[in-house]
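Shown here: start_27.cif, mmCIF, C-alpha atoms.
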```cif
data_entry
#
loop_
_atom_site.label_atom_id
_atom_site.label_comp_id
_atom_site.auth_asym_id
_atom_site.auth_seq_id
_atom_site.Cartn_x
_atom_site.Cartn_y
_atom_site.Cartn_z
CA MET A 831 -12.00 -61.94 15.19
CA SER A 832 -12.40 -58.20 14.76
CA ILE A 833 -9.13 -56.50 15.58
CA ALA A 834 -10.82 -53.11 15.53
CA LYS A 835 -13.44 -54.08 18.12
CA THR A 836 -10.79 -55.70 20.28
CA PHE A 837 -8.69 -52.51 20.13
CA LEU A 838 -11.73 -50.51 21.19
CA GLY A 839 -12.31 -52.84 24.13
CA LEU A 840 -8.69 -52.54 25.20
CA LEU A 841 -8.76 -48.75 24.82
CA GLU A 842 -11.84 -48.59 27.00
CA THR A 843 -9.63 -49.71 29.90
CA GLY A 844 -7.47 -46.60 29.34
CA PRO A 845 -5.66 -44.62 26.62
CA CYS A 846 -2.42 -46.01 25.24
CA HIS A 847 0.06 -45.87 22.38
CA GLY A 848 -0.20 -48.04 19.29
CA TYR A 849 2.84 -50.04 20.37
CA ASP A 850 1.36 -50.81 23.79
CA LEU A 851 -1.95 -51.72 22.18
CA LYS A 852 -0.21 -54.23 19.93
CA ARG A 853 1.75 -55.68 22.83
CA THR A 854 -1.35 -56.13 24.98
CA TYR A 855 -3.29 -57.62 22.06
CA ASP A 856 -0.49 -60.09 21.28
CA GLU A 857 -0.16 -61.11 24.93
CA ARG A 858 -3.85 -61.66 25.48
CA PHE A 859 -5.21 -62.73 22.12
CA GLY A 860 -2.38 -63.07 19.61
CA GLN A 861 -1.06 -66.48 20.72
CA ASP A 862 0.95 -67.67 17.74
CA ARG A 863 -0.24 -64.92 15.43
CA PRO A 864 1.08 -61.55 16.62
CA LEU A 865 -0.19 -58.48 14.80
CA ALA A 866 1.97 -56.76 12.21
CA TYR A 867 2.62 -53.10 12.92
CA GLY A 868 1.02 -52.22 9.61
CA GLN A 869 -2.21 -53.85 10.76
CA VAL A 870 -2.11 -51.95 14.04
CA TYR A 871 -1.76 -48.51 12.51
CA ALA A 872 -4.14 -49.21 9.63
CA THR A 873 -6.77 -50.29 12.17
CA LEU A 874 -6.19 -47.23 14.34
CA SER A 875 -6.48 -44.99 11.26
CA ARG A 876 -9.87 -46.51 10.44
CA LEU A 877 -11.06 -46.10 14.01
CA LEU A 878 -9.93 -42.46 13.93
CA LYS A 879 -11.73 -41.89 10.66
CA HIS A 880 -14.97 -43.30 12.07
CA GLY A 881 -14.66 -41.25 15.23
CA PHE A 882 -14.37 -44.26 17.52
CA VAL A 883 -10.96 -43.17 18.86
CA GLU A 884 -9.13 -39.87 19.10
CA VAL A 885 -5.54 -38.82 19.55
CA GLU A 886 -5.24 -37.72 23.14
CA GLY A 887 -1.68 -36.50 22.89
CA ILE A 888 1.49 -36.65 20.87
CA GLU A 889 4.82 -37.31 22.55
CA PRO A 890 8.03 -36.50 20.70
CA GLY A 891 10.71 -39.18 20.86
CA GLU A 892 13.99 -40.13 19.24
CA GLY A 893 12.12 -41.85 16.43
CA PRO A 894 8.72 -40.91 15.05
CA GLU A 895 6.24 -39.09 17.29
CA ARG A 896 4.20 -41.37 19.55
CA LYS A 897 0.45 -40.83 19.45
CA ARG A 898 -1.60 -41.68 22.48
CA TYR A 899 -5.06 -42.98 21.54
CA ALA A 900 -8.23 -42.76 23.59
CA ILE A 901 -11.67 -44.22 22.95
CA THR A 902 -14.57 -41.83 22.25
CA ASP A 903 -18.19 -42.16 23.45
CA ALA A 904 -19.07 -43.47 19.98
CA GLY A 905 -16.32 -46.06 20.34
CA VAL A 906 -17.63 -47.17 23.75
CA ALA A 907 -21.11 -47.53 22.25
CA ASP A 908 -19.72 -49.52 19.31
CA VAL A 909 -17.81 -51.98 21.45
CA GLY A 910 -20.88 -52.32 23.69
CA ARG A 911 -23.02 -53.27 20.68
CA TRP A 912 -20.42 -55.81 19.57
CA LEU A 913 -20.21 -57.43 22.98
CA SER A 914 -23.98 -57.75 23.24
CA GLN A 915 -24.38 -59.43 19.83
CA ALA A 916 -24.17 -63.18 19.38
CA GLU A 917 -21.52 -64.43 16.99
CA LYS A 918 -22.73 -66.41 14.00
CA PRO A 919 -21.92 -70.06 14.69
CA ASP A 920 -19.37 -71.40 12.23
CA LEU A 921 -20.79 -74.07 9.99
CA TYR A 922 -18.64 -76.33 7.96
CA LEU A 923 -21.21 -77.74 5.58
CA GLN A 924 -19.65 -78.72 2.29
CA SER A 925 -16.26 -78.65 3.95
CA THR A 926 -13.08 -79.69 2.19
CA LEU A 927 -13.10 -82.92 4.12
CA TYR A 928 -16.63 -83.80 3.06
CA THR A 929 -15.61 -83.08 -0.52
CA LYS A 930 -12.58 -85.36 -0.17
CA VAL A 931 -14.70 -88.19 1.21
CA VAL A 932 -17.22 -87.92 -1.60
CA LEU A 933 -14.48 -87.74 -4.24
CA ALA A 934 -12.73 -90.76 -2.73
CA LEU A 935 -15.98 -92.72 -2.92
CA LEU A 936 -16.70 -91.54 -6.46
CA THR A 937 -13.22 -92.52 -7.66
CA ASP A 938 -13.19 -95.80 -5.75
CA ARG A 939 -10.34 -94.75 -3.47
CA PRO A 940 -10.23 -95.81 0.21
CA ALA A 941 -12.44 -93.17 1.81
CA ALA A 942 -11.90 -94.67 5.26
CA GLU A 943 -8.22 -93.81 4.98
CA VAL A 944 -9.09 -90.20 4.18
CA LEU A 945 -11.00 -90.10 7.45
CA ASP A 946 -8.27 -91.92 9.42
CA THR A 947 -5.58 -89.59 8.12
CA GLN A 948 -7.64 -86.61 9.24
CA ARG A 949 -8.43 -88.25 12.56
CA ALA A 950 -4.73 -88.77 13.29
CA GLU A 951 -4.01 -85.15 12.45
CA HIS A 952 -6.83 -83.92 14.67
CA LEU A 953 -5.58 -86.05 17.55
CA ARG A 954 -2.02 -84.85 17.04
CA LEU A 955 -3.18 -81.24 17.27
CA MET A 956 -5.31 -82.05 20.30
CA ARG A 957 -2.28 -83.53 22.07
CA GLU A 958 -0.28 -80.41 21.24
CA LEU A 959 -3.01 -78.13 22.58
CA THR A 960 -3.36 -80.26 25.72
CA ARG A 961 0.36 -79.98 26.42
CA ARG A 962 0.20 -76.23 25.84
CA LYS A 963 -2.78 -76.02 28.16
CA LEU A 964 -0.95 -77.87 30.92
CA ASP A 965 2.02 -75.53 30.70
CA GLY A 966 -0.04 -72.36 30.38
CA ASP A 967 -2.00 -69.99 32.56
CA LEU A 968 -5.78 -69.83 32.81
CA ALA A 969 -6.05 -67.69 29.66
CA ASP A 970 -4.08 -70.31 27.71
CA GLN A 971 -6.28 -73.05 29.14
CA LEU A 972 -9.48 -71.33 28.04
CA ILE A 973 -8.19 -70.63 24.53
CA CYS A 974 -6.91 -74.18 24.12
CA ASP A 975 -10.14 -75.65 25.53
CA HIS A 976 -12.16 -73.71 22.97
CA ALA A 977 -10.07 -75.20 20.17
CA LEU A 978 -10.14 -78.66 21.76
CA PHE A 979 -13.92 -78.76 21.98
CA HIS A 980 -14.19 -77.78 18.30
CA LEU A 981 -11.68 -80.43 17.28
CA GLU A 982 -13.57 -82.97 19.34
CA ALA A 983 -16.77 -82.08 17.51
CA ASP A 984 -14.96 -82.62 14.20
CA LEU A 985 -13.77 -85.99 15.42
CA ARG A 986 -17.32 -87.03 16.23
CA TRP A 987 -18.28 -86.14 12.68
CA LEU A 988 -15.33 -88.20 11.40
CA GLU A 989 -16.45 -91.21 13.47
CA LEU A 990 -20.06 -90.91 12.38
CA THR A 991 -19.05 -90.53 8.76
CA ALA A 992 -16.76 -93.56 9.00
CA ALA A 993 -19.72 -95.56 10.27
CA ARG A 994 -21.88 -94.33 7.37
CA LEU A 995 -19.39 -94.66 4.52
CA GLU A 996 -21.09 -97.60 2.87
CA ALA A 997 -24.48 -95.91 3.00
CA LEU A 998 -22.93 -92.76 1.55
CA ARG A 999 -21.22 -94.74 -1.19
CA MET A 1000 -24.52 -96.35 -2.20
CA GLU A 1001 -26.30 -93.01 -2.20
CA ILE A 1002 -23.81 -91.07 -4.28
CA THR A 1003 -23.07 -93.86 -6.75
CA ALA A 1004 -26.71 -94.86 -7.23
CA MET B 14 5.30 -119.34 35.61
CA SER B 15 5.45 -119.18 31.84
CA SER B 16 8.04 -116.87 30.42
CA VAL B 17 9.30 -115.66 27.10
CA ALA B 18 12.47 -114.00 25.89
CA GLY B 19 13.62 -111.07 27.98
CA THR B 20 12.33 -107.55 27.92
CA GLN B 21 12.28 -106.04 24.48
CA GLN B 22 13.96 -102.78 23.60
CA SER B 23 12.58 -100.37 21.10
CA ALA B 24 13.54 -96.85 20.21
CA GLY B 25 10.34 -95.53 18.66
CA ALA B 26 10.84 -91.80 18.24
CA GLY B 27 8.40 -89.70 20.18
CA ARG B 28 7.01 -92.56 22.21
CA GLY B 29 7.07 -92.70 25.97
CA SER B 30 8.02 -90.05 28.49
CA GLY B 31 9.61 -89.49 31.86
CA ALA B 32 12.85 -91.26 32.67
CA ALA B 33 12.50 -93.68 29.79
CA GLN B 34 12.15 -90.85 27.30
CA ALA B 35 15.02 -88.96 28.84
CA ALA B 36 17.22 -91.91 28.11
CA ASN B 37 15.77 -92.01 24.58
CA LEU B 38 15.38 -95.72 24.99
CA GLN B 39 12.04 -97.28 25.71
CA THR B 40 11.44 -100.59 27.39
CA THR B 41 8.37 -102.49 26.36
CA VAL B 42 6.57 -103.25 29.58
CA LEU B 43 3.45 -104.85 28.16
CA GLU B 44 2.81 -106.43 24.78
CA ALA B 45 -0.24 -108.12 23.34
CA THR B 46 -0.05 -109.97 20.04
CA ASP B 47 -2.88 -111.14 17.81
CA LEU B 48 -5.50 -111.48 20.54
CA HIS B 49 -8.77 -113.22 19.79
CA LYS B 50 -11.64 -113.40 22.21
CA ALA B 51 -15.26 -114.36 21.64
CA PHE B 52 -18.21 -114.25 24.00
CA GLY B 53 -20.54 -116.89 22.60
CA PRO B 54 -21.04 -116.19 18.91
CA THR B 55 -19.78 -112.59 19.27
CA ALA B 56 -16.13 -111.92 18.49
CA ALA B 57 -14.95 -109.14 20.82
CA LEU B 58 -11.32 -109.29 19.69
CA ALA B 59 -10.28 -110.50 16.26
CA GLY B 60 -6.54 -110.05 16.01
CA ALA B 61 -5.80 -107.13 18.35
CA SER B 62 -2.19 -106.21 19.12
CA LEU B 63 -0.75 -103.51 21.36
CA SER B 64 2.63 -102.66 22.79
CA VAL B 65 3.15 -100.26 25.71
CA ASP B 66 6.47 -98.81 26.82
CA ALA B 67 7.41 -97.97 30.39
CA GLY B 68 6.22 -94.46 31.24
CA GLU B 69 4.07 -94.26 28.14
CA VAL B 70 0.44 -93.17 28.17
CA VAL B 71 -1.49 -94.99 25.44
CA ALA B 72 -5.11 -94.18 24.70
CA VAL B 73 -7.26 -97.03 23.42
CA MET B 74 -10.19 -95.55 21.57
CA GLY B 75 -13.17 -96.95 19.79
CA SER B 76 -16.93 -96.87 19.67
CA SER B 77 -19.15 -98.85 22.03
CA GLY B 78 -18.80 -102.56 21.42
CA SER B 79 -15.57 -102.18 19.44
CA GLY B 80 -13.68 -104.43 21.86
CA LYS B 81 -11.59 -101.81 23.66
CA SER B 82 -12.63 -102.84 27.17
CA THR B 83 -12.09 -106.52 26.35
CA LEU B 84 -8.61 -105.61 25.13
CA LEU B 85 -7.91 -103.84 28.43
CA HIS B 86 -9.19 -106.84 30.41
CA CYS B 87 -6.94 -109.18 28.42
CA LEU B 88 -3.94 -106.90 28.88
CA ALA B 89 -4.55 -106.80 32.63
CA GLY B 90 -4.98 -110.55 32.92
CA ILE B 91 -8.58 -110.23 34.02
CA VAL B 92 -9.85 -112.09 30.96
CA GLN B 93 -8.00 -114.90 29.20
CA PRO B 94 -7.89 -114.51 25.41
CA ASP B 95 -8.97 -117.48 23.31
CA SER B 96 -5.73 -117.16 21.38
CA GLY B 97 -2.81 -114.80 21.08
CA ARG B 98 -0.47 -113.81 23.89
CA VAL B 99 0.07 -111.10 26.44
CA VAL B 100 3.58 -110.57 27.76
CA TYR B 101 4.27 -108.44 30.82
CA GLN B 102 7.95 -107.73 31.48
CA GLY B 103 9.03 -110.98 29.91
CA GLN B 104 6.32 -113.08 31.57
CA LEU B 105 3.59 -114.70 29.54
CA LEU B 106 0.36 -113.63 31.18
CA SER B 107 -1.89 -115.93 29.25
CA GLY B 108 -1.31 -119.35 30.73
CA MET B 109 -0.14 -118.01 34.10
CA PRO B 110 -1.94 -119.59 37.09
CA ASP B 111 -4.78 -117.52 38.56
CA ALA B 112 -2.98 -116.96 41.85
CA GLU B 113 0.06 -115.52 40.08
CA ARG B 114 -2.07 -113.27 37.91
CA SER B 115 -3.93 -112.06 40.98
CA ALA B 116 -0.65 -111.23 42.71
CA LEU B 117 0.48 -109.36 39.63
CA ARG B 118 -2.74 -107.35 39.49
CA ARG B 119 -2.38 -106.48 43.17
CA GLY B 120 1.25 -105.41 43.05
CA ASP B 121 2.26 -104.42 39.55
CA PHE B 122 -1.00 -103.16 38.09
CA GLY B 123 -3.29 -100.35 39.15
CA PHE B 124 -6.93 -100.02 38.10
CA ILE B 125 -9.24 -97.06 37.69
CA PHE B 126 -12.84 -97.58 36.60
CA GLN B 127 -15.54 -95.22 35.39
CA PHE B 128 -17.37 -95.15 38.72
CA GLY B 129 -14.42 -95.41 41.07
CA GLN B 130 -15.66 -98.64 42.61
CA LEU B 131 -14.48 -97.71 46.07
CA VAL B 132 -15.50 -99.93 48.97
CA PRO B 133 -18.49 -98.06 50.46
CA GLU B 134 -17.99 -99.27 54.04
CA LEU B 135 -14.37 -98.06 54.22
CA SER B 136 -13.16 -94.49 54.65
CA CYS B 137 -11.25 -92.97 51.75
CA VAL B 138 -7.89 -93.42 53.44
CA GLU B 139 -8.77 -97.07 54.15
CA ASN B 140 -9.77 -97.51 50.51
CA VAL B 141 -6.45 -96.17 49.29
CA ALA B 142 -4.53 -98.21 51.86
CA LEU B 143 -6.39 -101.40 50.91
CA PRO B 144 -4.04 -102.64 48.14
CA LEU B 145 -1.09 -102.17 50.50
CA ARG B 146 -2.89 -104.00 53.31
CA LEU B 147 -3.71 -106.87 50.93
CA GLY B 148 -0.02 -106.95 50.05
CA GLY B 149 0.87 -107.41 53.73
CA SER B 150 1.64 -103.87 54.91
CA LYS B 151 0.83 -102.89 58.48
CA ARG B 152 -2.21 -100.67 58.88
CA ARG B 153 -0.28 -97.64 60.12
CA ASP B 154 2.30 -97.81 57.33
CA ALA B 155 -0.36 -98.40 54.68
CA GLU B 156 -2.51 -95.48 55.82
CA LYS B 157 0.50 -93.19 56.10
CA GLN B 158 1.36 -93.97 52.49
CA ALA B 159 -2.30 -93.60 51.51
CA MET B 160 -2.36 -90.11 53.01
CA VAL B 161 0.65 -89.12 50.90
CA TRP B 162 -1.29 -90.09 47.78
CA LEU B 163 -4.54 -88.48 48.88
CA ASP B 164 -2.60 -85.28 49.45
CA ARG B 165 -0.96 -85.59 46.05
CA LEU B 166 -4.37 -86.02 44.43
CA GLU B 167 -5.60 -82.94 46.34
CA VAL B 168 -8.24 -84.82 48.37
CA ALA B 169 -6.55 -85.17 51.75
CA GLU B 170 -9.56 -83.48 53.35
CA VAL B 171 -11.85 -86.43 52.56
CA ALA B 172 -9.53 -89.05 54.08
CA GLY B 173 -11.87 -89.86 56.99
CA LYS B 174 -15.10 -89.81 54.96
CA THR B 175 -16.76 -92.79 53.33
CA PRO B 176 -17.27 -92.69 49.53
CA GLY B 177 -20.97 -92.00 49.88
CA ARG B 178 -20.22 -88.64 51.52
CA ILE B 179 -17.91 -87.21 48.86
CA SER B 180 -18.46 -85.88 45.32
CA GLY B 181 -17.92 -87.90 42.14
CA GLY B 182 -14.81 -85.89 41.28
CA GLN B 183 -13.33 -86.43 44.73
CA GLY B 184 -14.20 -90.13 44.56
CA GLN B 185 -12.39 -90.52 41.26
CA ARG B 186 -9.28 -88.83 42.66
CA VAL B 187 -9.40 -91.25 45.59
CA ALA B 188 -9.63 -94.06 43.02
CA VAL B 189 -6.55 -92.69 41.22
CA ALA B 190 -4.70 -92.57 44.55
CA ARG B 191 -5.70 -96.19 45.22
CA ALA B 192 -4.47 -97.22 41.77
CA LEU B 193 -1.08 -95.59 42.26
CA VAL B 194 -0.38 -96.27 45.93
CA THR B 195 1.44 -99.57 45.30
CA GLY B 196 3.78 -97.99 42.73
CA PRO B 197 2.39 -100.02 39.80
CA ARG B 198 4.29 -100.44 36.54
CA VAL B 199 1.06 -100.24 34.55
CA VAL B 200 -2.15 -98.38 35.33
CA PHE B 201 -5.30 -99.50 33.52
CA ALA B 202 -7.90 -96.76 33.33
CA ASP B 203 -11.28 -97.65 31.83
CA GLU B 204 -13.24 -94.47 31.00
CA PRO B 205 -11.82 -92.77 34.13
CA THR B 206 -13.64 -89.49 33.48
CA GLY B 207 -16.80 -90.95 31.97
CA ALA B 208 -18.94 -90.07 34.97
CA LEU B 209 -17.45 -86.62 35.62
CA ASP B 210 -18.20 -83.13 34.34
CA SER B 211 -15.64 -81.46 32.07
CA LEU B 212 -13.80 -79.55 34.79
CA ASN B 213 -13.47 -82.51 37.16
CA GLY B 214 -12.59 -84.81 34.28
CA GLU B 215 -9.78 -82.47 33.21
CA ARG B 216 -8.35 -82.31 36.71
CA VAL B 217 -8.48 -86.07 37.18
CA MET B 218 -6.63 -86.57 33.89
CA GLN B 219 -4.02 -83.94 34.76
CA LEU B 220 -3.37 -85.54 38.14
CA LEU B 221 -3.37 -89.08 36.78
CA VAL B 222 -0.95 -88.37 33.94
CA GLN B 223 1.33 -86.26 36.12
CA ALA B 224 1.48 -88.91 38.83
CA ALA B 225 2.14 -91.63 36.26
CA ARG B 226 4.92 -89.59 34.67
CA ASP B 227 6.49 -88.90 38.06
CA THR B 228 6.58 -92.62 38.87
CA ASP B 229 7.35 -93.75 35.29
CA ALA B 230 4.25 -95.94 35.26
CA ALA B 231 2.69 -96.81 31.92
CA VAL B 232 -0.98 -95.96 31.50
CA VAL B 233 -3.42 -97.83 29.26
CA LEU B 234 -6.31 -95.43 28.96
CA VAL B 235 -9.55 -96.69 27.49
CA THR B 236 -11.76 -93.83 26.42
CA HIS B 237 -14.18 -92.74 23.74
CA GLU B 238 -13.51 -89.07 24.47
CA ALA B 239 -10.92 -87.44 22.23
CA ARG B 240 -10.18 -84.72 24.78
CA VAL B 241 -9.24 -87.39 27.32
CA ALA B 242 -7.18 -89.28 24.75
CA ALA B 243 -5.30 -86.05 24.05
CA TYR B 244 -3.50 -86.52 27.37
CA SER B 245 -1.82 -89.61 25.94
CA ASP B 246 1.41 -90.00 24.00
CA ARG B 247 -0.25 -92.17 21.39
CA GLU B 248 -3.65 -93.44 20.32
CA VAL B 249 -4.68 -96.87 19.22
CA VAL B 250 -8.12 -97.30 17.70
CA VAL B 251 -10.07 -100.54 18.08
CA ARG B 252 -12.54 -101.34 15.32
CA ASP B 253 -14.38 -104.63 15.05
CA GLY B 254 -11.95 -106.21 17.48
CA ARG B 255 -8.84 -105.15 15.59
CA THR B 256 -6.34 -102.47 16.55
CA ARG B 257 -5.06 -99.69 14.40
CA ASP B 258 -2.22 -97.46 15.59
CA LEU B 259 -2.88 -93.84 14.61
CA GLY B 260 0.66 -92.76 15.30
CA ASP B 261 2.39 -90.93 18.10
CA SER B 262 3.21 -87.41 19.13
CA ALA B 263 6.30 -87.15 16.91
#
```
Take the structure from the file and write it as C-alpha cells.
Amino acid sequence: MSIAKTFLGLLETGPCHGYDLKRTYDERFGQDRPLAYGQVYATLSRLLKHGFVEVEGIEPGEGPERKRYAITDAGVADVGRWLSQAEKPDLYLQSTLYTKVVLALLTDRPAAEVLDTQRAEHLRLMRELTRRKLDGDLADQLICDHALFHLEADLRWLELTAARLEALRMEITA
Amino acid sequence: MSSVAGTQQSAGAGRGSGAAQAANLQTTVLEATDLHKAFGPTAALAGASLSVDAGEVVAVMGSSGSGKSTLLHCLAGIVQPDSGRVVYQGQLLSGMPDAERSALRRGDFGFIFQFGQLVPELSCVENVALPLRLGGSKRRDAEKQAMVWLDRLEVAEVAGKTPGRISGGQGQRVAVARALVTGPRVVFADEPTGALDSLNGERVMQLLVQAARDTDAAVVLVTHEARVAAYSDREVVVRDGRTRDLGDSA
C-alpha cells in the first residue's frame, strides 16, 4: 500500500503534525505493522519536494520544532487520481508453493504432505483472524475479512491441486 | 444400553474452550473409532475416527462425496456404521436400541441443517419449542424458553411468523435456537451457512459458536467452506472416507 497516498488522503481531512499523522495511520491501517518515524518523515519530505503538501506552520516545543503539514491542490488531485484507479490484482502464478509441489513431485517426495502442511497453516491463520475479527470493531472486521477471503482462495487452489497431483506428476515427469 | 469404560480424560493443549478449557482439562464427550460404512458398493467411510471434547468446536471438512456427512450421521446415531464404534459419554451408540438413540438425539443432541428444515405449519416460536414439547414440557414453559433463545439469536421479532414468511438468514437463526433450546451436549451442524450469503452466514456462525461456548456444548461442524471452519478450534479433513486431523489452534 502506498504510504504517501494514504498520508495525502489523511491530510485532506485537515492539516496535522507528522506525529499525529503516524498515530492516525497506525490506528486505521497499521494493524500489526506500525510505521517507523523515519518512514513518516522521509515520506513527508518526498511529498513536500513534489509539492503535494506544504508546511502550514512551525510550533516551537521543548524538543525539536513541530511542523504542521497541509495538503496542496496538487496533492488533492494526486490522491483523487489514486482513488479512481483500479489496483492491479495480485497474481501468484509461479508461487513458492507451486514450486515446492513441482519439486516434491520431481524428487519423489510426498507432494500431498506439502499441500497439507500449507493447508494447516492457512487454517491456523484463518482461525487467528476470525478470533481477531470477533473481538474487533468494524474496521478490524473488514480488514480481517479481506485477508480471510484471500486465504480461502488459496485453500481452494490447494484442494484443487491436491486432487490433480497425479495428473501433474505424470505431466512433469513425462 | 451398551456401555464402555467411563468418560475419558485428555489434556490436549489448545483444544476445547469455555469452562472445560478454563480448567485446562478436557472431557471427551463423543468419540468415533475406525468407522466403516458402505452404501451398496460405495464405501462412504473407510476407517474414520474422531474425538470431540466438551465445549470444543470441531470442523469436519472435505470435498463433496468425501464421507463427511456420513461421518456426522454416524456420530449422531442417525446412521449405524457397518463396523467401528461411537461412544457418547461412556455409552456405546452403535448397538443401542433405536428408542434410546432417538431419546438421546432429542435431549442430548442438537441439529442444524443447511436449509433449516423448520416445520412450515408451525410458527417460529412453536418450532423452537418443539424439542421441549416432545420431551414433555408444557406448552407455556416450552414457548417461554423458546422466546429466550429467539431473543438470544436476535430473531425475537419473527416468533409469531411461520418459516415461509421470514428470510433465509432469520430461518437459520431460528434453526440454531431450536438446536440449542434443550441445552444439548453436542450440536451437529451440517453446512449451516451453505444456503446463506456471506453476511448472514457470518452472523449465524458468530451466534452459534458464542451460544455453544456459553453453554459448554460441543459442536461438530460439517462444512466445505474454510471461512466457516475458521470458527472452530480444530479441523479434521475427510478424504476417501478416512479422517486426517490437521491440528488445533495451539
**Request:** Compile the contact shell of region 976-982 of chain A as a list in words: residues with an atom at most 10 Å away, counting only C-alpha atoms, same-chain residues fewer than 4 positions apart removed.
**Result:** Arg949, His952, Leu953, Leu955, Met956, Arg957, Leu959, Thr960, Asp970, Gln971, Leu972, Arg986, Trp987 and Leu988 of chain A; Glu238, Ala239, Arg240 and Ala243 of chain B
**B:Leu117, B:Leu105, B:Val71, B:Ala202 ranked by distance to chain A, top pick (using only C-alpha atoms)** =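 The answer is B:Val71, which sits nearest to chain A.
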**Polymer residues at most 12 Å from Thr55 (chain B), only C-alpha atoms, same-chain spacing of 4 or more positions, as a PyMOL selection string** = chain B and resi 49-51+59+78-80+253-254
**Request:** Would you write out, as a PyMOL selection string, every residue that the PyMOL selection byres ((chain B) within 12 of (chain A)) captures in this file?
**Result:** chain B and resi 27+70-72+74-77+211-212+215-216+218-220+222-223+237-250+252-253+257-263
**Prompt:** Do you have the CA of Glu44 (chain B)-CA of Val194 (chain B) distance handy?
**Reply:**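 Result for CA of Glu44 (chain B) versus CA of Val194 (chain B): 23.7 Å, one decimal.
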**Request:** Report the distance between CA of Val885 (chain A) and CA of Gly860 (chain A) in Å, rounded to one decimal place.
**Result:**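 CA of Gly860 (chain A) lies at a distance of 24.5 Å from CA of Val885 (chain A).
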**Message:** Could you list, as a PyMOL selection string, every residue within 8 Å of Ser82 (chain B), counting all atoms listed in the file and ignoring same-chain residues fewer than 3 positions away?
**Reply:** chain B and resi 85-86+203+235
**Asked** Selected by the PyMOL selection byres ((chain A and resi 849-853) around 8) in the shown coordinates: which residues, as a ChimeraX atom specification?
**Response** /A:837,840-841,846-848,854-857,865,867,870
**Asked** Of the candidates A:Arg896, A:Leu936, A:Ala942, A:Ala907, which shows the shortest atom-to-atom distance to Glu1001 (chain A), using only C-alpha atoms?
**Response** A:Leu936
Using the chain letters and residue numbers of this document, give as a PDB file with C-alpha atoms, in the frame of the given file the residues selected by the PyMOL selection byres ((chain A and resi 845) around 8).
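The resulting result.pdb:
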```pdb
ATOM      1  CA  LEU A 841      -8.760 -48.750  24.820  1.00  0.00           C
ATOM      2  CA  GLU A 842     -11.840 -48.590  27.000  1.00  0.00           C
ATOM      3  CA  THR A 843      -9.630 -49.710  29.900  1.00  0.00           C
ATOM      4  CA  GLY A 844      -7.470 -46.600  29.340  1.00  0.00           C
ATOM      5  CA  CYS A 846      -2.420 -46.010  25.240  1.00  0.00           C
ATOM      6  CA  HIS A 847       0.060 -45.870  22.380  1.00  0.00           C
ATOM      7  CA  GLU A 886      -5.240 -37.720  23.140  1.00  0.00           C
ATOM      8  CA  ARG A 898      -1.600 -41.680  22.480  1.00  0.00           C
ATOM      9  CA  TYR A 899      -5.060 -42.980  21.540  1.00  0.00           C
ATOM     10  CA  ALA A 900      -8.230 -42.760  23.590  1.00  0.00           C
ATOM     11  CA  ILE A 901     -11.670 -44.220  22.950  1.00  0.00           C
TER      12      ILE A 901
END
```
**Asked** What is the distance, in Å and to one decimal place, between CA of Glu170 (chain B) and CA of Val187 (chain B)?
**Response**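 Computing it gives 11.0 Å between the two atoms.
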**Message:** List the spatial neighbours of region 877-881 of chain A as a list in words - criterion: any atom at most 8 Å away, all atoms listed in the file, same-chain residues fewer than 6 positions off excluded.
**Reply:** Ala834, Thr902, Ala904 and Gly905 of chain A
**Item:** Polymer residues at most 9 Å from region 93-103 of chain B, only C-alpha atoms, same-chain spacing of 2 or more positions, as an NGL selection string
**Value:** :B and (16-21 or 40-51 or 58 or 60-62 or 84 or 86-91 or 105-108)
**Request:** For the point (-14.3, -96.6, 57.3) in the file's frame, write as a list in words all residues with an atom no more than 8 Å away, counting all atoms listed in the file.
**Result:** Glu134, Leu135, Ser136, Cys137, Glu139, Gly173, Lys174 and Thr175 of chain B
Just C-alpha atoms for this one: save the residues we selected as a compact mmCIF listing (two decimals), in the coordinates of the input.
```txt
# COMPACT_ATOMS: atom_id res chain seq x y z
CA GLU B 134 -17.99 -99.27 54.04
CA LEU B 135 -14.37 -98.06 54.22
CA SER B 136 -13.16 -94.49 54.65
CA CYS B 137 -11.25 -92.97 51.75
CA GLU B 139 -8.77 -97.07 54.15
CA GLY B 173 -11.87 -89.86 56.99
CA LYS B 174 -15.10 -89.81 54.96
CA THR B 175 -16.76 -92.79 53.33
```
Around region 202-209 of chain B, fit a box with edges along x, y and z, padding it by 5 Å on each side, then list its centre and edge lengths in Å to one decimal as lines of an AutoDock Vina configuration file.
```
center_x = -13.4
center_y = -92.1
center_z = 33.3
size_x = 21.0
size_y = 21.0
size_z = 14.6
```
**Item:** Distance query 9 Å from (-20.0, -95.3, 0.3) using only C-alpha atoms, result as a VMD selection string
**Value:** chain A and resid 931 to 932 935 to 936 941 994 to 1003
**Asked** With only C-alpha atoms as the basis for distance, which of A:Ile833, A:Val909, A:Arg962, A:Pro890 is at the shortest distance from Thr873 (chain A)?
**Response**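 Nearest to Thr873 (chain A): A:Ile833.
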